[in-house]
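Student: Questions regarding the structure given below will be posed in turn.
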Amino acid sequence: MLINSSHIPQVGLQLYSLRNQFLDDIPRTYRVVRDWGFKFVEGGTNAGISLEAQKKLLDNNGLKLISLAVSYKELLNDPKKVIETAKYFESKYVVVGWIPHDANDIGFDKIKIATDFFNKSGKLLEKEGLRLAYHTHGYEFQPYKKGTFFDYMAQMAKNFTFEIDVFWVKMGDDDPLSLLQKYSDKISLLHLKDRKIGTKSNNSGQVDVDTNVVLGSGDVGIKEIVGEAIKLKIKYLFVEDESQNVLTQIQKDLEYLNTLFK
């Protein structure tokens, strides 16, 4: 059972974790999320059902879509639709999780264009009572001047915030705890995901999904990160597990997190 308390961060689930289960049975998958004890979720719209049907499934299972996940292209091509959808679900955040680029070729030019775009879009969303967040995927930690691409993005972020995926920070060969401490005022959301010990870092944004392991059993430093998140009063921590063993691992993730909140 998931602990919910006002003095600790709210633990939600990134619904992408159950992408395969949603393909099989959407209503049943929402019930699984409910039965785990989650109250808050993050994700995009379900293909194959209407927004009204999805909203009803969320409401019937006592789930609140805190952040709407959209693609860079969706936000670029139709920001009005993104805003309308986020407001329909009464979401607080709109999250973009990938900057389009060729494999292993992000380059500073694309980082700068994306950062400018996020500031422009974030300002538009702010007028509608929404907050734009960019989700890290590892390639942002390539060297740039005396730091990394992420340092540039964080320093230039005026109208958007960050959702830090601690697994991908580690994959980018950076330290998630140090990053959280350094840019605490620029980070609003966290993805909790642990990495199999012995996994080699790379900044491609690609990795075998079964390098996702039960929280607390990998090399990311989840205990220290959660402790810092509590200290910084970060409100939402989203569990994400992309492994083939997601159904059993998430249950163990919650058992582990509950030991940290006692």
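Ligands are numbered from 1 in the order shown, chains are lettered A, B, ... in the order of the structure tokens, and residues start at 1 in each chain.
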Could you name the residues that touch Asn104 (chain A) at 12 Å or less, counting only C-alpha atoms, but leaving out those on the same chain fewer than 5 positions away, as a list in words?
Tutor: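 Final neighbour list, sorted by chain and number: Gly138, Tyr139, Glu140, Gln142, Asn202, Asn203, Ser204, Gly205 and Gln206 of chain A.
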Student: Could you give me, as a ChimeraX atom specification, the residues within 10 Å of Arg34 (chain A), counting only C-alpha atoms and dropping anything in the same chain fewer than 5 positions from it?
Tutor: /A:28-29,39-40,58,60-63
Student: Selection from above, C-alpha atoms, as a PDB file, in the first residue's frame, can you write it?
Tutor:
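What landed in out_31.pdb:
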```
ATOM      1  CA  ARG A  28      -8.032  -3.120 -16.297  1.00  0.00           C
ATOM      2  CA  THR A  29      -4.688  -1.328 -16.399  1.00  0.00           C
ATOM      3  CA  LYS A  39      -3.511   8.769  -6.562  1.00  0.00           C
ATOM      4  CA  PHE A  40      -1.417  10.740  -9.038  1.00  0.00           C
ATOM      5  CA  LEU A  58      -9.128   8.323 -14.329  1.00  0.00           C
ATOM      6  CA  ASN A  60     -13.575   6.348 -11.593  1.00  0.00           C
ATOM      7  CA  ASN A  61     -10.261   5.023 -10.281  1.00  0.00           C
ATOM      8  CA  GLY A  62      -9.478   8.059  -8.154  1.00  0.00           C
ATOM      9  CA  LEU A  63      -6.519   9.106 -10.314  1.00  0.00           C
TER      10      LEU A  63
END
```
Student: What is the CA of Lys252 (chain A) to CA of Ile187 (chain A) distance in Å?
Tutor: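 Going from CA of Lys252 (chain A) over to CA of Ile187 (chain A) covers 26.3 Å.
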Student: Rank nothing, just name the residue among A:Gln251, A:Thr136, A:Asn20, A:Asn245 nearest to Gly97 (chain A), using only C-alpha atoms.
Tutor: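 Ranking A:Gln251, A:Thr136, A:Asn20, A:Asn245 by distance to Gly97 (chain A), first place goes to A:Thr136.
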Student: Write out as a PyMOL selection string which residues come within 10 Å of Trp36 (chain A) when counting only C-alpha atoms, dropping same-chain ones fewer than 2 positions away.
Tutor: chain A and resi 1-2+13+31-34+38-39+250-251+254
Student: Show me, as a list in words, the residues that have an atom within 8 Å of Val95 (chain A) when counting only C-alpha atoms, minus same-chain residues fewer than 6 positions from it.
Tutor: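 Close residues of Val95 (chain A): Ser67, Leu68, Ala69, Val70, Leu132, Ala133, Tyr134, His135 and Glu163 of chain A.
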Student: So that I can check the secondary structure, give me every residue of region 85-256 of chain A assigned strand (DSSP E or B) by backbone DSSP, as JSON, numbers by chain.
Tutor: {"A": [93, 94, 95, 96, 102, 105, 131, 132, 133, 134, 135, 143, 144, 147, 148, 161, 162, 163, 164, 165, 187, 188, 189, 190, 191, 192, 194, 195, 212, 213, 236, 237, 238, 239]}
